[in-house]
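Pasted below: work.pdb, PDB, C-alpha atoms and all ligand atoms.
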```pdb
ATOM      1  CA  MET Q   1      -2.509  21.718 -21.275
ATOM      2  CA  GLU Q   2      -4.688  18.682 -21.826
ATOM      3  CA  GLU Q   3      -6.913  16.719 -19.487
ATOM      4  CA  LEU Q   4      -9.222  13.719 -19.576
ATOM      5  CA  TYR Q   5     -12.861  14.592 -19.150
ATOM      6  CA  LEU Q   6     -15.812  12.338 -18.368
ATOM      7  CA  LYS Q   7     -18.980  14.014 -19.644
ATOM      8  CA  GLY Q   8     -21.145  11.215 -18.290
ATOM      9  CA  PRO Q   9     -21.012   7.429 -17.965
ATOM     10  CA  ARG Q  10     -18.881   5.928 -20.768
ATOM     11  CA  ALA Q  11     -18.338   9.369 -22.372
ATOM     12  CA  LEU Q  12     -14.626   9.905 -21.814
ATOM     13  CA  GLU Q  13     -12.661  12.335 -23.964
ATOM     14  CA  ILE Q  14      -9.476  14.336 -24.044
ATOM     15  CA  ARG Q  15      -9.715  18.119 -24.170
ATOM     16  CA  GLU Q  16      -7.834  21.367 -23.682
ATOM     17  CA  ALA Q  17      -8.120  22.298 -19.998
ATOM     18  CA  GLN Q  18      -8.842  25.708 -18.523
ATOM     19  CA  PRO Q  19      -5.626  27.590 -17.690
ATOM     20  CA  LEU Q  20      -4.741  27.092 -14.026
ATOM     21  CA  PRO Q  21      -5.356  30.038 -11.662
ATOM     22  CA  VAL Q  22      -2.647  31.792  -9.653
ATOM     23  CA  LEU Q  23      -1.755  29.775  -6.551
ATOM     24  CA  LYS Q  24      -3.510  30.665  -3.307
ATOM     25  CA  GLU Q  25      -1.991  30.156   0.130
ATOM     26  CA  ASN Q  26      -0.658  26.635   0.828
ATOM     27  CA  GLU Q  27      -1.147  25.288  -2.659
ATOM     28  CA  VAL Q  28       1.095  23.186  -4.850
ATOM     29  CA  LYS Q  29       1.118  23.129  -8.650
ATOM     30  CA  ILE Q  30       2.065  19.667  -9.843
ATOM     31  CA  ARG Q  31       3.116  18.387 -13.273
ATOM     32  CA  LEU Q  32       1.807  14.857 -13.504
ATOM     33  CA  ILE Q  33       4.156  11.954 -14.120
ATOM     34  CA  TYR Q  34       1.839   8.953 -13.742
ATOM     35  CA  GLY Q  35      -1.838   8.359 -13.100
ATOM     36  CA  GLY Q  36      -2.978   4.859 -12.134
ATOM     37  CA  ILE Q  37      -6.366   3.582 -13.287
ATOM     38  CA  CYS Q  38      -8.248   2.170 -10.314
ATOM     39  CA  GLY Q  39     -11.314  -0.024  -9.924
ATOM     40  CA  SER Q  40     -13.294   2.964  -8.680
ATOM     41  CA  ASP Q  41     -12.320   4.958 -11.811
ATOM     42  CA  LEU Q  42     -13.867   2.120 -13.809
ATOM     43  CA  SER Q  43     -17.047   2.167 -11.682
ATOM     44  CA  VAL Q  44     -17.331   5.944 -12.225
ATOM     45  CA  TYR Q  45     -16.708   5.425 -15.947
ATOM     46  CA  LYS Q  46     -19.452   2.777 -16.151
ATOM     47  CA  GLY Q  47     -21.865   4.909 -14.121
ATOM     48  CA  LYS Q  48     -21.999   2.304 -11.371
ATOM     49  CA  LEU Q  49     -20.920   4.418  -8.420
ATOM     50  CA  GLN Q  50     -23.971   5.982  -6.766
ATOM     51  CA  TYR Q  51     -22.183   8.980  -5.292
ATOM     52  CA  ALA Q  52     -20.282   9.866  -8.501
ATOM     53  CA  SER Q  53     -21.111  13.248 -10.027
ATOM     54  CA  TYR Q  54     -20.784  14.194 -13.705
ATOM     55  CA  PRO Q  55     -19.291  15.811 -15.649
ATOM     56  CA  LEU Q  56     -15.900  15.475 -14.038
ATOM     57  CA  ARG Q  57     -12.225  15.020 -14.636
ATOM     58  CA  PRO Q  58     -11.422  11.438 -13.573
ATOM     59  CA  GLY Q  59      -8.383  10.038 -11.794
ATOM     60  CA  HIS Q  60      -7.066   9.921  -8.260
ATOM     61  CA  GLU Q  61      -3.911   7.792  -8.160
ATOM     62  CA  ILE Q  62      -1.432  10.514  -8.945
ATOM     63  CA  ILE Q  63       2.275  11.173  -8.712
ATOM     64  CA  GLY Q  64       4.071  14.167 -10.148
ATOM     65  CA  GLU Q  65       6.687  16.823  -9.825
ATOM     66  CA  VAL Q  66       6.242  20.179  -8.098
ATOM     67  CA  ILE Q  67       6.295  23.124 -10.524
ATOM     68  CA  GLU Q  68       5.474  25.860  -8.034
ATOM     69  CA  SER Q  69       4.326  26.072  -4.419
ATOM     70  CA  THR Q  70       3.156  28.594  -1.842
ATOM     71  CA  ASP Q  71       3.990  26.135   0.958
ATOM     72  CA  VAL Q  72       7.693  26.260   1.876
ATOM     73  CA  GLY Q  73       7.628  22.496   2.477
ATOM     74  CA  PHE Q  74       7.469  21.882  -1.278
ATOM     75  CA  SER Q  75       9.991  23.141  -3.797
ATOM     76  CA  PRO Q  76      10.113  22.914  -7.595
ATOM     77  CA  GLY Q  77      11.373  19.590  -8.918
ATOM     78  CA  MET Q  78      10.334  17.664  -5.799
ATOM     79  CA  ARG Q  79       8.508  14.415  -6.548
ATOM     80  CA  VAL Q  80       5.201  14.069  -4.746
ATOM     81  CA  VAL Q  81       2.176  11.835  -4.274
ATOM     82  CA  ILE Q  82      -1.270  13.106  -3.332
ATOM     83  CA  THR Q  83      -4.038  11.715  -1.196
ATOM     84  CA  PRO Q  84      -7.205  11.865  -3.269
ATOM     85  CA  ASN Q  85      -9.519  11.870  -0.265
ATOM     86  CA  THR Q  86     -10.014  15.252   1.305
ATOM     87  CA  PHE Q  87     -10.711  15.624   5.023
ATOM     88  CA  CYS Q  88     -11.906  18.565   7.107
ATOM     89  CA  GLY Q  89      -9.609  18.232  10.122
ATOM     90  CA  GLU Q  90     -12.468  19.526  12.304
ATOM     91  CA  CYS Q  91     -15.006  16.715  12.783
ATOM     92  CA  ILE Q  92     -14.861  14.228  15.685
ATOM     93  CA  TYR Q  93     -13.374  11.529  13.444
ATOM     94  CA  CYS Q  94     -10.634  13.786  12.077
ATOM     95  CA  LYS Q  95      -9.841  14.945  15.599
ATOM     96  CA  ALA Q  96      -9.529  11.294  16.654
ATOM     97  CA  GLY Q  97      -6.971  10.742  13.860
ATOM     98  CA  LYS Q  98      -9.455   8.898  11.656
ATOM     99  CA  SER Q  99      -9.507  11.187   8.644
ATOM    100  CA  ASN Q 100     -10.482   8.174   6.502
ATOM    101  CA  ILE Q 101     -14.005   8.300   7.935
ATOM    102  CA  CYS Q 102     -14.228  12.134   7.993
ATOM    103  CA  GLU Q 103     -17.840  13.345   7.913
ATOM    104  CA  ASN Q 104     -16.935  15.842   5.186
ATOM    105  CA  LYS Q 105     -14.714  13.611   3.076
ATOM    106  CA  ARG Q 106     -14.710  14.121  -0.689
ATOM    107  CA  SER Q 107     -13.046  11.841  -3.203
ATOM    108  CA  ILE Q 108     -11.397  13.486  -6.177
ATOM    109  CA  GLY Q 109     -12.243  11.894  -9.502
ATOM    110  CA  VAL Q 110     -15.494  10.595  -7.987
ATOM    111  CA  ASN Q 111     -17.578  13.430  -6.543
ATOM    112  CA  CYS Q 112     -15.293  16.294  -7.523
ATOM    113  CA  ASP Q 113     -12.710  16.877 -10.251
ATOM    114  CA  GLY Q 114      -9.836  14.411 -10.286
ATOM    115  CA  GLY Q 115      -6.242  14.485 -11.387
ATOM    116  CA  PHE Q 116      -5.914  13.089 -14.924
ATOM    117  CA  ALA Q 117      -4.486  16.317 -16.382
ATOM    118  CA  GLU Q 118      -0.993  17.407 -17.326
ATOM    119  CA  GLU Q 119      -0.955  19.917 -14.467
ATOM    120  CA  ILE Q 120      -3.070  20.216 -11.332
ATOM    121  CA  ILE Q 121      -3.243  22.412  -8.227
ATOM    122  CA  VAL Q 122      -3.666  20.700  -4.854
ATOM    123  CA  ASN Q 123      -3.805  22.033  -1.287
ATOM    124  CA  SER Q 124      -0.472  21.195   0.333
ATOM    125  CA  ARG Q 125      -2.144  19.310   3.205
ATOM    126  CA  TYR Q 126      -2.912  16.540   0.671
ATOM    127  CA  VAL Q 127       0.597  16.347  -0.779
ATOM    128  CA  LEU Q 128       3.475  14.165   0.406
ATOM    129  CA  HIS Q 129       7.111  14.142  -0.675
ATOM    130  CA  VAL Q 130       8.342  10.937  -2.367
ATOM    131  CA  PRO Q 131      12.014  10.218  -1.596
ATOM    132  CA  ASP Q 132      14.440   9.760  -4.501
ATOM    133  CA  GLU Q 133      15.140   6.093  -3.756
ATOM    134  CA  ILE Q 134      11.549   5.189  -4.687
ATOM    135  CA  SER Q 135      11.220   4.623  -8.447
ATOM    136  CA  LYS Q 136       8.299   6.345 -10.138
ATOM    137  CA  GLU Q 137       6.849   2.904 -10.906
ATOM    138  CA  ALA Q 138       6.891   2.060  -7.186
ATOM    139  CA  ALA Q 139       5.615   5.547  -6.329
ATOM    140  CA  ILE Q 140       2.420   5.156  -8.350
ATOM    141  CA  LEU Q 141       1.587   2.191  -6.092
ATOM    142  CA  ILE Q 142       1.813   4.239  -2.865
ATOM    143  CA  GLU Q 143      -1.881   5.170  -2.828
ATOM    144  CA  PRO Q 144      -3.349   1.721  -3.590
ATOM    145  CA  LEU Q 145      -0.796   0.090  -1.286
ATOM    146  CA  SER Q 146      -1.861   2.417   1.541
ATOM    147  CA  VAL Q 147      -5.337   0.848   1.423
ATOM    148  CA  VAL Q 148      -3.747  -2.538   2.105
ATOM    149  CA  VAL Q 149      -1.314  -1.149   4.714
ATOM    150  CA  HIS Q 150      -4.239   0.376   6.623
ATOM    151  CA  GLY Q 151      -6.248  -2.866   6.519
ATOM    152  CA  ILE Q 152      -3.418  -5.248   7.344
ATOM    153  CA  LYS Q 153      -2.605  -3.246  10.501
ATOM    154  CA  LYS Q 154      -5.884  -4.587  11.896
ATOM    155  CA  VAL Q 155      -4.937  -8.277  11.586
ATOM    156  CA  ALA Q 156      -2.077 -10.369  12.916
ATOM    157  CA  ILE Q 157       0.214 -11.556  10.132
ATOM    158  CA  SER Q 158       3.560 -12.931  11.236
ATOM    159  CA  PRO Q 159       5.886 -15.706  10.016
ATOM    160  CA  GLY Q 160       4.029 -18.979   9.603
ATOM    161  CA  LYS Q 161       0.514 -17.499   9.790
ATOM    162  CA  LYS Q 162      -1.747 -18.899   7.114
ATOM    163  CA  VAL Q 163      -3.270 -16.113   5.051
ATOM    164  CA  LEU Q 164      -5.863 -16.334   2.283
ATOM    165  CA  VAL Q 165      -6.400 -13.438  -0.129
ATOM    166  CA  VAL Q 166      -9.683 -13.641  -2.029
ATOM    167  CA  GLY Q 167      -9.681 -11.636  -5.282
ATOM    168  CA  CYS Q 168      -6.581 -10.641  -7.244
ATOM    169  CA  GLY Q 169      -7.368  -7.125  -8.407
ATOM    170  CA  THR Q 170      -4.709  -4.533  -7.578
ATOM    171  CA  GLU Q 171      -5.656  -4.469  -3.884
ATOM    172  CA  GLY Q 172      -5.640  -8.282  -3.679
ATOM    173  CA  LEU Q 173      -2.271  -8.470  -5.428
ATOM    174  CA  LEU Q 174      -0.769  -5.836  -3.139
ATOM    175  CA  ALA Q 175      -2.268  -7.554  -0.071
ATOM    176  CA  THR Q 176      -0.676 -10.809  -1.224
ATOM    177  CA  ALA Q 177       2.698  -9.101  -1.608
ATOM    178  CA  LEU Q 178       2.524  -7.399   1.793
ATOM    179  CA  ALA Q 179       1.296 -10.501   3.657
ATOM    180  CA  ASP Q 180       4.159 -12.445   2.048
ATOM    181  CA  TYR Q 181       6.602  -9.699   3.078
ATOM    182  CA  PHE Q 182       5.395 -10.066   6.669
ATOM    183  CA  GLY Q 183       6.247 -13.778   6.515
ATOM    184  CA  GLY Q 184       2.739 -15.145   6.126
ATOM    185  CA  GLU Q 185       2.113 -18.378   4.214
ATOM    186  CA  VAL Q 186      -0.072 -16.794   1.571
ATOM    187  CA  THR Q 187      -2.604 -18.377  -0.735
ATOM    188  CA  ALA Q 188      -4.367 -16.154  -3.250
ATOM    189  CA  VAL Q 189      -7.491 -17.116  -5.167
ATOM    190  CA  ASP Q 190      -9.406 -15.613  -8.059
ATOM    191  CA  ILE Q 191     -12.049 -16.970 -10.418
ATOM    192  CA  ASN Q 192     -10.186 -15.359 -13.363
ATOM    193  CA  VAL Q 193      -7.344 -17.629 -14.486
ATOM    194  CA  LYS Q 194      -5.543 -14.667 -16.098
ATOM    195  CA  LYS Q 195      -5.344 -12.995 -12.692
ATOM    196  CA  LEU Q 196      -3.800 -16.134 -11.225
ATOM    197  CA  GLU Q 197      -1.157 -16.078 -13.972
ATOM    198  CA  LEU Q 198      -0.039 -12.663 -12.675
ATOM    199  CA  LEU Q 199       0.881 -14.259  -9.359
ATOM    200  CA  LYS Q 200       2.457 -17.505 -10.598
ATOM    201  CA  GLY Q 201       6.025 -17.600  -9.330
ATOM    202  CA  PHE Q 202       5.599 -14.529  -7.124
ATOM    203  CA  LYS Q 203       7.706 -15.122  -4.016
ATOM    204  CA  ASN Q 204       6.360 -17.980  -1.862
ATOM    205  CA  THR Q 205       2.695 -17.522  -2.631
ATOM    206  CA  ASN Q 206       0.317 -20.298  -3.657
ATOM    207  CA  VAL Q 207      -2.293 -19.429  -6.240
ATOM    208  CA  CYS Q 208      -5.377 -21.369  -7.214
ATOM    209  CA  HIS Q 209      -8.995 -21.210  -8.282
ATOM    210  CA  PRO Q 210     -11.292 -21.050  -5.211
ATOM    211  CA  SER Q 211     -12.735 -24.465  -6.117
ATOM    212  CA  GLU Q 212      -9.306 -25.983  -5.443
ATOM    213  CA  LEU Q 213      -9.171 -24.817  -1.819
ATOM    214  CA  ASP Q 214     -11.072 -27.892  -0.573
ATOM    215  CA  HIS Q 215     -11.177 -27.777   3.200
ATOM    216  CA  ALA Q 216      -8.182 -25.512   3.754
ATOM    217  CA  SER Q 217      -8.502 -23.063   6.641
ATOM    218  CA  PHE Q 218      -6.632 -19.873   7.452
ATOM    219  CA  ASP Q 219      -5.710 -17.632  10.373
ATOM    220  CA  VAL Q 220      -6.392 -14.519   8.345
ATOM    221  CA  VAL Q 221      -8.664 -14.122   5.324
ATOM    222  CA  ILE Q 222      -8.513 -10.888   3.312
ATOM    223  CA  GLU Q 223     -11.521 -10.230   1.094
ATOM    224  CA  ALA Q 224     -10.573  -8.043  -1.859
ATOM    225  CA  ALA Q 225     -13.060  -9.152  -4.522
ATOM    226  CA  GLY Q 226     -16.071  -7.271  -3.174
ATOM    227  CA  THR Q 227     -18.900  -9.543  -4.252
ATOM    228  CA  LYS Q 228     -21.621 -11.053  -2.063
ATOM    229  CA  LYS Q 229     -20.612 -14.573  -3.033
ATOM    230  CA  SER Q 230     -16.960 -13.934  -2.354
ATOM    231  CA  VAL Q 231     -17.604 -12.373   1.079
ATOM    232  CA  GLU Q 232     -19.832 -15.280   2.073
ATOM    233  CA  SER Q 233     -17.250 -17.832   0.919
ATOM    234  CA  CYS Q 234     -14.607 -16.279   3.202
ATOM    235  CA  PHE Q 235     -16.301 -17.649   6.345
ATOM    236  CA  THR Q 236     -15.829 -21.199   5.038
ATOM    237  CA  TYR Q 237     -12.063 -20.781   5.127
ATOM    238  CA  LEU Q 238     -11.720 -19.100   8.513
ATOM    239  CA  LYS Q 239     -10.084 -21.011  11.394
ATOM    240  CA  PRO Q 240     -11.595 -20.804  14.887
ATOM    241  CA  GLY Q 241     -10.257 -17.542  16.345
ATOM    242  CA  GLY Q 242      -9.471 -16.356  12.818
ATOM    243  CA  GLN Q 243      -9.720 -12.838  11.455
ATOM    244  CA  LEU Q 244     -11.601 -11.758   8.351
ATOM    245  CA  LEU Q 245     -10.583  -8.427   6.871
ATOM    246  CA  LEU Q 246     -13.012  -6.867   4.397
ATOM    247  CA  ILE Q 247     -11.425  -4.476   1.890
ATOM    248  CA  GLY Q 248     -13.733  -5.147  -1.059
ATOM    249  CA  ILE Q 249     -17.161  -3.509  -1.043
ATOM    250  CA  THR Q 250     -20.516  -5.111  -1.763
ATOM    251  CA  PRO Q 251     -23.857  -3.741  -0.495
ATOM    252  CA  GLU Q 252     -24.659  -6.742   1.686
ATOM    253  CA  ALA Q 253     -23.885 -10.372   2.435
ATOM    254  CA  THR Q 254     -25.069 -13.031   4.868
ATOM    255  CA  ILE Q 255     -22.908 -13.656   7.921
ATOM    256  CA  PRO Q 256     -23.016 -17.074   9.675
ATOM    257  CA  VAL Q 257     -23.449 -15.522  13.118
ATOM    258  CA  ALA Q 258     -23.460 -18.769  15.107
ATOM    259  CA  GLN Q 259     -20.148 -19.810  13.534
ATOM    260  CA  VAL Q 260     -18.565 -16.416  14.208
ATOM    261  CA  VAL Q 261     -19.776 -16.301  17.825
ATOM    262  CA  ARG Q 262     -18.964 -19.899  18.728
ATOM    263  CA  ASN Q 263     -15.502 -19.661  17.231
ATOM    264  CA  GLU Q 264     -14.672 -16.147  18.392
ATOM    265  CA  GLN Q 265     -13.888 -15.041  14.871
ATOM    266  CA  GLN Q 266     -13.350 -11.386  14.092
ATOM    267  CA  VAL Q 267     -14.801  -9.568  11.102
ATOM    268  CA  MET Q 268     -13.309  -6.160  10.316
ATOM    269  CA  GLY Q 269     -14.007  -3.537   7.703
ATOM    270  CA  SER Q 270     -11.299  -1.221   6.454
ATOM    271  CA  ILE Q 271     -11.713   1.879   4.310
ATOM    272  CA  ILE Q 272      -8.887   3.679   2.495
ATOM    273  CA  TYR Q 273      -6.182   4.962   4.861
ATOM    274  CA  GLU Q 274      -5.093   7.597   7.287
ATOM    275  CA  PHE Q 275      -3.020  10.266   5.622
ATOM    276  CA  PRO Q 276      -0.087  10.694   5.865
ATOM    277  CA  VAL Q 277       0.755   7.813   8.260
ATOM    278  CA  ASP Q 278      -0.317   4.961   5.984
ATOM    279  CA  PHE Q 279       1.268   6.651   2.928
ATOM    280  CA  GLN Q 280       4.494   7.019   4.867
ATOM    281  CA  ALA Q 281       4.400   3.337   5.836
ATOM    282  CA  SER Q 282       3.829   2.408   2.165
ATOM    283  CA  ILE Q 283       6.843   4.502   1.169
ATOM    284  CA  ASP Q 284       8.959   2.724   3.797
ATOM    285  CA  TYR Q 285       7.922  -0.725   2.516
ATOM    286  CA  LEU Q 286       8.501   0.297  -1.114
ATOM    287  CA  ALA Q 287      11.987   1.529  -0.212
ATOM    288  CA  ASP Q 288      12.923  -2.040   0.795
ATOM    289  CA  VAL Q 289      14.128  -4.001  -2.255
ATOM    290  CA  ARG Q 290      12.782  -7.235  -0.748
ATOM    291  CA  PHE Q 291       9.303  -5.814  -1.193
ATOM    292  CA  ASP Q 292       8.841  -5.063  -4.850
ATOM    293  CA  PRO Q 293       5.276  -5.097  -6.130
ATOM    294  CA  THR Q 294       6.063  -3.205  -9.367
ATOM    295  CA  VAL Q 295       5.605  -6.510 -11.220
ATOM    296  CA  PHE Q 296       1.904  -5.794 -10.729
ATOM    297  CA  ILE Q 297       2.021  -2.922 -13.198
ATOM    298  CA  SER Q 298       0.810  -4.500 -16.436
ATOM    299  CA  ALA Q 299       1.214  -1.496 -18.742
ATOM    300  CA  ILE Q 300       2.316   2.131 -18.777
ATOM    301  CA  MET Q 301       0.972   4.104 -21.731
ATOM    302  CA  PRO Q 302       0.717   7.774 -22.759
ATOM    303  CA  PHE Q 303      -2.508   9.339 -21.515
ATOM    304  CA  GLN Q 304      -3.432  10.175 -25.110
ATOM    305  CA  ARG Q 305      -4.039   6.405 -25.451
ATOM    306  CA  TYR Q 306      -6.653   6.558 -22.664
ATOM    307  CA  GLU Q 307      -9.246   4.602 -24.687
ATOM    308  CA  GLU Q 308      -6.972   1.605 -25.026
ATOM    309  CA  ALA Q 309      -5.816   1.936 -21.407
ATOM    310  CA  TYR Q 310      -9.395   2.014 -20.067
ATOM    311  CA  GLU Q 311     -10.317  -0.915 -22.297
ATOM    312  CA  MET Q 312      -7.455  -2.990 -20.897
ATOM    313  CA  ALA Q 313      -8.388  -2.033 -17.338
ATOM    314  CA  LEU Q 314     -12.074  -2.794 -17.983
ATOM    315  CA  SER Q 315     -11.258  -6.281 -19.312
ATOM    316  CA  GLY Q 316     -10.328  -7.340 -15.768
ATOM    317  CA  ASP Q 317      -7.487  -9.443 -17.162
ATOM    318  CA  TYR Q 318      -4.609  -7.201 -16.111
ATOM    319  CA  ALA Q 319      -3.077  -5.816 -12.963
ATOM    320  CA  LYS Q 320      -2.468  -2.049 -12.681
ATOM    321  CA  ILE Q 321      -2.696   0.023 -15.879
ATOM    322  CA  VAL Q 322      -0.857   3.344 -15.630
ATOM    323  CA  LEU Q 323      -1.231   6.473 -17.759
ATOM    324  CA  GLN Q 324       1.909   8.440 -18.425
ATOM    325  CA  PHE Q 325       1.681  12.217 -18.503
ATOM    326  CA  LYS Q 326       5.300  13.237 -18.909
ATOM    327  CA  GLY Q 327       8.277  12.022 -20.938
ATOM    328  CA  ASP Q 328       8.529   8.953 -23.139
ATOM    329  CA  ALA Q 329       6.313   5.915 -22.726
ATOM    330  CA  VAL Q 330       8.006   3.030 -20.959
ATOM    331  CA  SER Q 331       5.923   0.340 -22.652
TER     332      SER Q 331
HETATM  333 ZN    ZN P   1      -7.836   3.970  -6.243
HETATM  334 ZN    ZN P   2     -13.371  15.534   9.213
END
```
Structure encoded using structure tokens:
Amino acid sequence: MEELYLKGPRALEIREAQPLPVLKENEVKIRLIYGGICGSDLSVYKGKLQYASYPLRPGHEIIGEVIESTDVGFSPGMRVVITPNTFCGECIYCKAGKSNICENKRSIGVNCDGGFAEEIIVNSRYVLHVPDEISKEAAILIEPLSVVVHGIKKVAISPGKKVLVVGCGTEGLLATALADYFGGEVTAVDINVKKLELLKGFKNTNVCHPSELDHASFDVVIEAAGTKKSVESCFTYLKPGGQLLLIGITPEATIPVAQVVRNEQQVMGSIIYEFPVDFQASIDYLADVRFDPTVFISAIMPFQRYEEAYEMALSGDYAKIVLQFKGDAVS
């Protein structure tokens, strides 16, 4: 059994993994199907994530098939997705249903071993069944989509609402798709023209370079670029009474307090998701053929071609790059 292994920043290799131990109580052994490469995987790879620990096995966007389980809820052959963020279930936040801000949260592939291996063992509390009607290409988007589902619950998007999405990485693209699905009049901007190309002709969305926005204003602005400049620009486009949702992360930015106060604007942060509710909602959206964000998968390649896959992801010119761990490569 092989796995990817990150010895330190920019030192990624493939190696023979340790044989997996015998399953303990409530564990699931999973044969990986797909692993999505995420922006945070790239930050860990580049050594730019402060709380990353090395060496480690990278990867956290995982779907697979159950091989064996000591939890009766999971049987061999069942397709599953995992939440890569562990939670204790005991702290005040967990008890309030906010496992996403658990005091004891750990993120696999960041500060403990991740999932880019042919087979992994996961505690069953972090595993969720994926129904058959969801294609495996849609299923690999469940985890990143859940981030958007969780955030968008905090803002009011309904038919006719003007929505601006700033930044067209995977989260921005998925936010655009979901806001469009909810009937919003969506405009998406990115400074990278190649990213805009990905959205040209997608449903009813408008795409442009931020410099082309002029004096447009929006009911809801979703920040998914995560730079100081981008966050600060969002306030320029917010209508009085508007809502700004921050999904991207940057250490700090300046907020025009007088503008926000005088115009009763709301600024909200949103981190990952609550499991399993937001995953379940993502599955429900993905089961609807009218909502199909699989066009945002730019490439699926065998995990043995990880160098090329990481290079494509690092270029910033593509949408989601997916590693395939089982069966023949699709593209
Ligand atoms: Zn991710
Ligand atoms: Zn907790």
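One distance worth recording is that between CA of Met1 (chain Q) and CA of Gly115 (chain Q), which is 12.8 Å.
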Closest atom pairs, chain Q residues within 8 Å of ligand ZN 2 (chain P), only C-alpha atoms and all ligand atoms, as CSV:
```
residue,atom,partner,partner_atom,distance
Q:Phe87,CA,P:ZN2,ZN,5.0
Q:Cys88,CA,P:ZN2,ZN,4.0
Q:Gly89,CA,P:ZN2,ZN,4.7
Q:Glu90,CA,P:ZN2,ZN,5.1
Q:Cys91,CA,P:ZN2,ZN,4.1
Q:Ile92,CA,P:ZN2,ZN,6.8
Q:Tyr93,CA,P:ZN2,ZN,5.8
Q:Cys94,CA,P:ZN2,ZN,4.3
Q:Lys95,CA,P:ZN2,ZN,7.3
Q:Ser99,CA,P:ZN2,ZN,5.8
Q:Ile101,CA,P:ZN2,ZN,7.4
Q:Cys102,CA,P:ZN2,ZN,3.7
Q:Glu103,CA,P:ZN2,ZN,5.1
Q:Asn104,CA,P:ZN2,ZN,5.4
Q:Lys105,CA,P:ZN2,ZN,6.6
```
Q.
Starting from the PyMOL selection byres (((chain Q and resi 48-64) around 7) and not hetatm), expand the selection into actual residues of this file and give them as number ranges by chain.
A. Q: 4-8, 30-37, 41, 43-44, 46-47, 65-66, 79-82, 84, 108-116, 139-140, 143
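A straight line drawn from CA of Ser282 (chain Q) to CA of Glu119 (chain Q) is 24.6 Å long.
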Q. What is the CA of Arg290 (chain Q)-CA of Lys203 (chain Q) distance in Å, reported with one decimal?
A.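 About the pair CA of Arg290 (chain Q) and CA of Lys203 (chain Q): they are 9.9 Å apart.
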Q: Pick out the closest residue to ligand ZN 1 (chain P) from this set: Q:Phe291, Q:Phe235, Q:Tyr273, Q:Tyr126. Count only C-alpha atoms and all ligand atoms.
A: Q:Tyr273
(Q) Once the PyMOL selection byres (((chain Q and resi 222-229) around 7) and not hetatm) is applied to the coordinates I shared, what remains selected? I want it as a VMD selection string. (A) chain Q and resid 164 to 167 171 to 172 220 to 221 230 to 233 244 to 250 252 to 253
Q. Care to translate the PyMOL selection byres (((chain Q and resi 184-191) around 6) and not hetatm) into actual residues of this file, as number ranges by chain?
A. Q: 157-168, 179-180, 182-183, 192, 205-210
Could you write those residues out with C-alpha atoms, as an mmCIF file, in the coordinates of the input?
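Once everything was written out, this is part_38.cif:
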```
data_model
loop_
_atom_site.group_PDB
_atom_site.id
_atom_site.type_symbol
_atom_site.label_atom_id
_atom_site.label_comp_id
_atom_site.auth_asym_id
_atom_site.auth_seq_id
_atom_site.Cartn_x
_atom_site.Cartn_y
_atom_site.Cartn_z
ATOM 1 C CA ILE Q 157 0.214 -11.556 10.132
ATOM 2 C CA SER Q 158 3.560 -12.931 11.236
ATOM 3 C CA PRO Q 159 5.886 -15.706 10.016
ATOM 4 C CA GLY Q 160 4.029 -18.979 9.603
ATOM 5 C CA LYS Q 161 0.514 -17.499 9.790
ATOM 6 C CA LYS Q 162 -1.747 -18.899 7.114
ATOM 7 C CA VAL Q 163 -3.270 -16.113 5.051
ATOM 8 C CA LEU Q 164 -5.863 -16.334 2.283
ATOM 9 C CA VAL Q 165 -6.400 -13.438 -0.129
ATOM 10 C CA VAL Q 166 -9.683 -13.641 -2.029
ATOM 11 C CA GLY Q 167 -9.681 -11.636 -5.282
ATOM 12 C CA CYS Q 168 -6.581 -10.641 -7.244
ATOM 13 C CA ALA Q 179 1.296 -10.501 3.657
ATOM 14 C CA ASP Q 180 4.159 -12.445 2.048
ATOM 15 C CA PHE Q 182 5.395 -10.066 6.669
ATOM 16 C CA GLY Q 183 6.247 -13.778 6.515
ATOM 17 C CA ASN Q 192 -10.186 -15.359 -13.363
ATOM 18 C CA THR Q 205 2.695 -17.522 -2.631
ATOM 19 C CA ASN Q 206 0.317 -20.298 -3.657
ATOM 20 C CA VAL Q 207 -2.293 -19.429 -6.240
ATOM 21 C CA CYS Q 208 -5.377 -21.369 -7.214
ATOM 22 C CA HIS Q 209 -8.995 -21.210 -8.282
ATOM 23 C CA PRO Q 210 -11.292 -21.050 -5.211
#
```
Q: Tell me which of Q:Leu323, Q:Val289, Q:Leu145, Q:Ile283 sits closest to Met301 (chain Q), counting all atoms listed in the file.
A: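 Nearest candidate to Met301 (chain Q) out of Q:Leu323, Q:Val289, Q:Leu145, Q:Ile283: Q:Leu323.
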Q | Among the residues Q:Lys154, Q:Lys195, Q:Arg106, Q:Lys320, the one that comes closest to ligand ZN 1 (chain P) [using only C-alpha atoms and all ligand atoms] | A | Q:Lys320
Q | Proximity to Gly97 (chain Q) - best of Q:Asp132, Q:Glu3, Q:Glu274, Q:Asp284, all atoms listed in the file | A | Q:Glu274
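Nearest-residue note for ligand ZN 1 (chain P): choosing from Q:Ala11, Q:Ile272, Q:Ala258, Q:Val127, the minimum distance belongs to Q:Ile272, counting only C-alpha atoms and all ligand atoms.
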